[in-house]
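Dumped final22.csv below, it's CSV, C-alpha atoms and all ligand atoms:
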```csv
chain,number,residue,atom,x,y,z
A,8,HIS,CA,-94.4,-1.2,-49.2
A,9,ILE,CA,-94.4,-2.4,-52.8
A,10,ALA,CA,-91.7,-4.8,-54.0
A,11,PRO,CA,-89.7,-3.1,-56.9
A,12,ASP,CA,-90.6,-5.6,-59.5
A,13,THR,CA,-94.4,-5.6,-58.8
A,14,ARG,CA,-96.5,-4.4,-61.7
A,15,ILE,CA,-98.6,-1.4,-60.7
A,16,ALA,CA,-102.1,-0.5,-62.1
A,17,VAL,CA,-103.5,2.9,-61.3
A,18,VAL,CA,-107.3,3.4,-61.4
A,19,THR,CA,-108.9,6.8,-61.1
A,20,GLY,CA,-112.5,7.3,-59.9
A,21,ALA,CA,-112.0,4.1,-58.0
A,22,SER,CA,-114.3,4.7,-55.0
A,23,SER,CA,-117.3,3.1,-56.7
A,24,GLY,CA,-118.8,1.7,-59.9
A,25,ILE,CA,-116.6,0.7,-62.9
A,26,GLY,CA,-113.4,2.1,-61.1
A,27,ALA,CA,-113.9,0.0,-58.0
A,28,ALA,CA,-114.7,-3.1,-60.0
A,29,THR,CA,-111.7,-2.6,-62.2
A,30,ALA,CA,-109.4,-2.2,-59.2
A,31,ARG,CA,-110.8,-5.5,-57.8
A,32,GLN,CA,-110.3,-7.3,-61.1
A,33,LEU,CA,-106.7,-6.0,-61.6
A,34,ALA,CA,-105.8,-6.9,-58.0
A,35,ALA,CA,-107.1,-10.4,-58.6
A,36,ASP,CA,-105.0,-10.6,-61.8
A,37,GLY,CA,-101.8,-9.9,-59.8
A,38,PHE,CA,-101.3,-6.1,-60.1
A,39,HIS,CA,-100.6,-3.9,-57.1
A,40,VAL,CA,-103.4,-1.4,-57.6
A,41,VAL,CA,-103.2,2.2,-56.7
A,42,ILE,CA,-106.7,3.7,-56.4
A,43,GLY,CA,-107.5,7.4,-56.5
A,44,ALA,CA,-110.7,9.3,-55.8
A,45,ARG,CA,-111.9,12.2,-53.7
A,46,ARG,CA,-113.8,9.9,-51.2
A,47,LEU,CA,-110.8,8.6,-49.2
A,48,ASP,CA,-112.9,6.6,-46.6
A,49,ARG,CA,-114.4,4.5,-49.3
A,50,LEU,CA,-111.1,4.1,-51.1
A,51,GLU,CA,-109.3,2.9,-47.9
A,52,GLU,CA,-111.9,0.2,-47.4
A,53,LEU,CA,-111.4,-1.1,-50.9
A,54,ALA,CA,-107.6,-0.8,-50.7
A,55,SER,CA,-107.5,-2.9,-47.5
A,56,ASP,CA,-109.8,-5.5,-49.2
A,57,ILE,CA,-107.6,-5.9,-52.2
A,58,GLY,CA,-104.2,-5.2,-50.7
A,59,GLY,CA,-103.8,-2.0,-52.7
A,60,THR,CA,-102.9,1.6,-52.0
A,61,ALA,CA,-105.5,4.4,-51.5
A,62,LEU,CA,-104.6,7.9,-52.5
A,63,GLU,CA,-106.8,11.0,-52.4
A,64,LEU,CA,-107.2,12.3,-55.9
A,65,ASP,CA,-109.2,15.2,-57.4
A,66,VAL,CA,-108.6,15.1,-61.2
A,67,THR,CA,-109.8,18.6,-61.5
A,68,ASP,CA,-107.0,19.9,-59.3
A,69,GLU,CA,-103.5,20.2,-60.8
A,70,ASP,CA,-101.8,20.1,-57.4
A,71,SER,CA,-103.8,17.0,-56.4
A,72,VAL,CA,-102.8,15.2,-59.6
A,73,ALA,CA,-99.1,16.2,-59.2
A,74,ALA,CA,-99.0,15.0,-55.6
A,75,PHE,CA,-100.7,11.7,-56.6
A,76,ALA,CA,-98.3,11.1,-59.5
A,77,ALA,CA,-95.2,11.9,-57.4
A,78,VAL,CA,-95.7,9.1,-54.9
A,79,ILE,CA,-96.4,6.3,-57.4
A,80,PRO,CA,-93.1,4.5,-58.0
A,81,ARG,CA,-93.9,2.9,-61.4
A,82,VAL,CA,-97.0,2.6,-63.6
A,83,ASP,CA,-97.7,-0.4,-65.8
A,84,VAL,CA,-101.4,0.2,-66.4
A,85,LEU,CA,-103.4,3.4,-66.1
A,86,VAL,CA,-107.2,3.3,-66.2
A,87,ASN,CA,-108.7,6.7,-66.8
A,88,ASN,CA,-112.1,6.1,-65.2
A,89,ALA,CA,-112.9,9.3,-63.3
A,90,GLY,CA,-115.7,11.2,-65.1
A,91,GLY,CA,-119.4,11.5,-65.3
A,92,ALA,CA,-122.4,13.4,-66.4
A,93,LYS,CA,-124.3,16.3,-64.8
A,94,GLY,CA,-127.8,17.2,-66.0
A,95,LEU,CA,-129.8,16.5,-69.1
A,96,ALA,CA,-130.8,19.7,-70.8
A,97,PRO,CA,-131.3,21.1,-74.3
A,98,VAL,CA,-128.6,23.6,-75.4
A,99,ILE,CA,-131.0,26.5,-75.0
A,100,ASP,CA,-131.1,25.8,-71.3
A,101,ALA,CA,-127.4,24.7,-70.9
A,102,ASP,CA,-126.1,25.1,-67.4
A,103,LEU,CA,-122.6,26.4,-67.7
A,104,ASP,CA,-121.5,25.0,-64.3
A,105,ASP,CA,-122.6,21.5,-65.3
A,106,TRP,CA,-120.7,21.9,-68.6
A,107,ARG,CA,-117.6,23.1,-66.7
A,108,TRP,CA,-117.8,20.1,-64.3
A,109,MET,CA,-118.1,17.7,-67.2
A,110,TRP,CA,-115.3,19.1,-69.2
A,111,GLU,CA,-113.0,19.4,-66.1
A,112,THR,CA,-113.5,15.8,-65.0
A,113,ASN,CA,-113.8,13.9,-68.3
A,114,VAL,CA,-111.5,15.9,-70.5
A,115,LEU,CA,-109.0,17.9,-68.5
A,116,GLY,CA,-109.0,15.3,-65.7
A,117,THR,CA,-108.0,12.6,-68.3
A,118,LEU,CA,-105.4,15.0,-69.7
A,119,ARG,CA,-103.9,15.9,-66.3
A,120,VAL,CA,-103.6,12.3,-65.1
A,121,THR,CA,-102.4,10.9,-68.4
A,122,LYS,CA,-99.8,13.6,-68.9
A,123,SER,CA,-98.3,13.3,-65.4
A,124,LEU,CA,-98.1,9.4,-65.5
A,125,LEU,CA,-96.9,9.1,-69.2
A,126,PRO,CA,-93.2,9.1,-68.4
A,127,LYS,CA,-93.6,6.3,-65.9
A,128,LEU,CA,-95.8,4.3,-68.4
A,129,ILE,CA,-93.1,4.6,-71.0
A,130,ASP,CA,-90.3,3.7,-68.5
A,131,SER,CA,-92.3,0.5,-67.5
A,132,GLY,CA,-91.3,-0.9,-70.9
A,133,ASP,CA,-94.8,-2.3,-71.5
A,134,GLY,CA,-97.4,0.3,-70.5
A,135,LEU,CA,-101.1,0.3,-71.1
A,136,ILE,CA,-103.6,3.2,-70.9
A,137,VAL,CA,-107.3,2.3,-70.7
A,138,THR,CA,-109.7,5.2,-71.0
A,139,ILE,CA,-113.3,4.7,-70.1
A,140,THR,CA,-115.3,6.8,-72.6
A,141,SER,CA,-118.9,6.0,-73.4
A,142,VAL,CA,-121.3,5.3,-76.3
A,143,ALA,CA,-121.8,9.1,-75.9
A,144,ALA,CA,-118.2,9.4,-77.4
A,145,PHE,CA,-119.6,8.0,-80.7
A,146,GLU,CA,-123.1,9.6,-81.0
A,147,ALA,CA,-124.8,12.8,-80.0
A,148,TYR,CA,-128.2,12.6,-78.3
A,149,ASP,CA,-130.9,15.2,-77.5
A,150,ASN,CA,-130.4,17.0,-74.2
A,151,GLY,CA,-127.0,15.4,-73.7
A,152,SER,CA,-124.6,17.8,-75.4
A,153,GLY,CA,-122.6,18.7,-72.3
A,154,TYR,CA,-121.8,15.0,-71.7
A,155,THR,CA,-121.6,13.9,-75.3
A,156,SER,CA,-119.3,16.7,-76.2
A,157,ALA,CA,-117.0,16.1,-73.2
A,158,LYS,CA,-116.9,12.3,-74.0
A,159,HIS,CA,-116.2,13.0,-77.7
A,160,ALA,CA,-113.3,15.3,-76.6
A,161,GLN,CA,-111.9,12.9,-74.0
A,162,ALA,CA,-112.0,10.1,-76.7
A,163,VAL,CA,-110.2,12.2,-79.2
A,164,LEU,CA,-107.5,13.1,-76.6
A,165,HIS,CA,-107.0,9.3,-76.0
A,166,ARG,CA,-107.1,8.4,-79.7
A,167,THR,CA,-104.5,11.1,-80.5
A,168,LEU,CA,-102.0,9.4,-78.1
A,169,ARG,CA,-102.3,6.2,-80.2
A,170,GLY,CA,-100.4,8.0,-83.0
A,171,GLU,CA,-98.1,10.1,-80.8
A,172,LEU,CA,-96.9,7.1,-78.8
A,173,LEU,CA,-96.1,5.0,-81.9
A,174,GLY,CA,-92.6,3.5,-81.3
A,175,LYS,CA,-93.0,3.8,-77.6
A,176,PRO,CA,-93.9,0.8,-75.4
A,177,VAL,CA,-97.4,2.0,-74.5
A,178,ARG,CA,-100.6,0.4,-75.6
A,179,LEU,CA,-103.9,2.3,-75.7
A,180,THR,CA,-107.5,0.9,-75.3
A,181,GLU,CA,-110.7,2.9,-75.3
A,182,VAL,CA,-113.5,1.2,-73.6
A,183,ALA,CA,-116.9,2.7,-74.4
A,184,PRO,CA,-119.7,1.4,-72.2
A,185,GLY,CA,-123.5,1.9,-72.7
A,186,ALA,CA,-125.8,1.7,-69.8
A,187,VAL,CA,-124.0,0.3,-66.7
A,188,GLU,CA,-126.0,0.5,-63.4
A,189,THR,CA,-123.6,2.4,-61.1
A,190,GLU,CA,-123.9,5.8,-59.3
A,191,PHE,CA,-123.7,7.4,-62.8
A,192,SER,CA,-127.3,8.3,-63.1
A,193,LEU,CA,-127.6,9.3,-59.4
A,194,VAL,CA,-124.8,11.8,-60.1
A,195,ARG,CA,-126.3,13.0,-63.4
A,196,PHE,CA,-129.7,13.7,-61.7
A,197,ASP,CA,-128.1,15.2,-58.6
A,198,GLY,CA,-129.1,12.5,-56.2
A,199,ASP,CA,-132.7,12.0,-57.5
A,200,ALA,CA,-133.1,8.2,-57.0
A,201,ASP,CA,-136.4,8.0,-58.9
A,202,LYS,CA,-135.0,9.6,-62.0
A,203,ALA,CA,-131.8,7.5,-61.7
A,204,ASP,CA,-133.8,4.2,-61.4
A,205,ALA,CA,-135.9,5.1,-64.4
A,206,VAL,CA,-132.8,5.0,-66.6
A,207,TYR,CA,-132.5,1.2,-65.9
A,208,GLN,CA,-136.2,0.4,-65.7
A,209,GLY,CA,-137.4,-2.5,-67.9
A,210,ILE,CA,-133.9,-3.3,-69.2
A,211,THR,CA,-131.1,-5.6,-68.0
A,212,PRO,CA,-128.3,-3.1,-67.7
A,213,LEU,CA,-124.6,-3.9,-67.5
A,214,VAL,CA,-123.0,-4.1,-64.1
A,215,ALA,CA,-119.6,-2.7,-63.3
A,216,SER,CA,-117.9,-6.1,-63.2
A,217,ASP,CA,-119.0,-6.7,-66.9
A,218,ILE,CA,-116.7,-3.8,-67.8
A,219,ALA,CA,-114.0,-4.7,-65.3
A,220,GLU,CA,-113.7,-8.3,-66.7
A,221,VAL,CA,-113.1,-6.9,-70.2
A,222,ILE,CA,-110.4,-4.6,-68.9
A,223,GLY,CA,-108.8,-7.6,-67.2
A,224,PHE,CA,-108.8,-9.3,-70.6
A,225,VAL,CA,-107.2,-6.2,-72.3
A,226,ALA,CA,-104.5,-6.0,-69.6
A,227,SER,CA,-103.6,-9.7,-70.0
A,228,ARG,CA,-102.9,-9.7,-73.8
A,229,PRO,CA,-99.3,-10.1,-75.0
A,230,SER,CA,-97.5,-6.8,-75.4
A,231,HIS,CA,-97.7,-6.8,-79.3
A,232,VAL,CA,-101.5,-6.8,-79.2
A,233,ASN,CA,-103.3,-3.5,-79.0
A,234,LEU,CA,-107.1,-3.5,-78.6
A,235,ASP,CA,-107.9,0.0,-79.9
A,236,GLN,CA,-111.6,0.3,-79.2
A,237,ILE,CA,-114.2,-1.8,-77.4
A,238,ILE,CA,-117.9,-0.7,-77.3
A,239,ILE,CA,-119.9,-2.6,-74.7
A,240,LYS,CA,-123.7,-2.3,-74.4
A,241,PRO,CA,-126.5,-4.3,-72.8
A,242,ARG,CA,-128.4,-6.4,-75.3
A,243,ASP,CA,-131.4,-4.2,-74.6
A,244,GLN,CA,-129.5,-1.1,-75.8
A,245,ALA,CA,-128.8,-0.1,-79.5
A,246,GLY,CA,-127.2,3.3,-78.7
A,247,PRO,CA,-127.5,6.2,-76.4
A,248,GLY,CA,-131.1,6.6,-75.4
A,249,ARG,CA,-132.2,3.7,-77.7
A,250,PHE,CA,-133.5,0.9,-75.4
A,251,SER,CA,-135.9,-1.9,-75.6
A,252,ARG,CA,-137.9,-1.7,-72.3
A,253,LYS,CA,-140.3,-4.3,-70.9
B,1,LIG,C1,-123.4,6.6,-70.3
B,1,LIG,C2,-123.9,5.8,-71.4
B,1,LIG,O1,-126.0,4.7,-72.4
B,1,LIG,O2,-126.1,5.2,-70.1
B,1,LIG,O3,-122.0,6.9,-70.6
B,1,LIG,O4,-126.2,7.0,-71.7
B,1,LIG,S1,-125.7,5.7,-71.4
```

Output the structure of this file as structure tokens.
Amino acid sequence: HIAPDTRIAVVTGASSGIGAATARQLAADGFHVVIGARRLDRLEELASDIGGTALELDVTDEDSVAAFAAVIPRVDVLVNNAGGAKGLAPVIDADLDDWRWMWETNVLGTLRVTKSLLPKLIDSGDGLIVTITSVAAFEAYDNGSGYTSAKHAQAVLHRTLRGELLGKPVRLTEVAPGAVETEFSLVRFDGDADKADAVYQGITPLVASDIAEVIGFVASRPSHVNLDQIIIKPRDQAGPGRFSRK
């Protein structure tokens, strides 16, 4: 049961990584946090830890998103975090299934969730949408076109709303991380731990709480302040694929 005047933050992809850390941060900051993801067992553990609500959510499934949105009574903050990369291949070898997965989760997933929760964000009187994009939303890199194109598209969807929602009480912040050590690379390399570990070898990568703390800062600004874009990288990274390794 959620008291009617409690501010609610919704976080997608919250079963691990940046999503889970953000749920913890926003709960510590006083929000009731509704967390969504496919892995309900992990979600329920986190929800009981932070006093939040766990709901099964597959952002690639229209019915799942509709059911998720229908049971949330109000939305003050939405964090579009669900997404990810699959594969690293030149265009000549592009895997269409990997591309479909990346566009479904990052682009259409963000669209489905945002569209279905927008009326409640507007009704809150002071809504905030944080979309987790990537440094890959700003630059292309070799072998990354499926991911970089999806991240560019997701970012443009988010940036378009900044104009469309002018005059409405909803703020929009794009948070674009560089290398954050989460399950991101394990998913990208289909569970290959050696390949995933190599991504963070010889650098000091960001950790999920580095991003979550910034989102906590964004969500605690007064309602006339809109932080449009925040790019966060490890000191050892100048851009996608541009690292100083020891
Ligand atoms: C992933 C960013 O720098 O690890 O979104 O390729 S990076």

Contacts of A:Thr117 within 12 Å, only C-alpha atoms, excl. fewer than 3 positions in-chain, as a PyMOL selection string
chain A and resi 18-20+65-69+72+85-91+109-114+120-125+136-140+157-158+160-165+168

Quick one: residues within 12 Å of A:Gln244, all atoms listed in the file counted, chain neighbours fewer than 3 positions away excluded, as a ChimeraX atom specification? /A:142,184-187,206-207,209-213,238-241,247-252

Find, counting all atoms listed in the file, the residue in A:Leu234, A:Gly153, A:Leu172, A:Ala200 that gets nearest to ligand LIG 1 (chain B).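 Comparing A:Leu234, A:Gly153, A:Leu172, A:Ala200 against ligand LIG 1 (chain B), the winner is A:Gly153.
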
*A:Thr29, A:Ser131, A:Thr155, A:Ser23 ranked by distance to ligand LIG 1 (chain B), top pick (using only C-alpha atoms and all ligand atoms)*: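 With only C-alpha atoms and all ligand atoms as the atom set, the closest residue is A:Thr155.
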
Given all atoms listed in the file as the basis, pick out the residue of A:Val82, A:Phe145, A:Arg228, A:Gly174 nearest to ligand LIG 1 (chain B).
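The answer is A:Phe145, which sits nearest to ligand LIG 1 (chain B).
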
- request: Choose the residue, out of A:Leu135, A:Ile9, A:Val78, A:Leu95, that has the smallest atom-to-atom separation from ligand LIG 1 (chain B); count only C-alpha atoms and all ligand atoms.
  value: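 Closest to ligand LIG 1 (chain B) of all the choices is A:Leu95.
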
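Residue nearest A:Phe191, chosen from A:Lys127, A:Asp204, A:His231, A:Ser71 and counting all atoms listed in the file: A:Asp204.
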
- Query: Between A:Arg166, A:Lys93, A:Arg119, A:Arg46, which is the closest to ligand LIG 1 (chain B) once you count all atoms listed in the file?
  - Reply: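 Of A:Arg166, A:Lys93, A:Arg119, A:Arg46, the one nearest ligand LIG 1 (chain B), counting all atoms listed in the file, is A:Lys93.
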
Query raised in the report: Do you have the atom CA of A:Glu220-atom CA of A:Gly24 distance handy?
Result: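 Here the two named atoms are 13.1 Å from each other.
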
One number please: atom CA of A:Glu181 to atom O3 of ligand LIG 1 (chain B), in Å, one decimal.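 Between atom CA of A:Glu181 and atom O3 of ligand LIG 1 (chain B) the gap is 12.9 Å.
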
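Taking atom CA of A:Gln236 as the reference point, atom CA of A:Leu50 is found at 28.4 Å.
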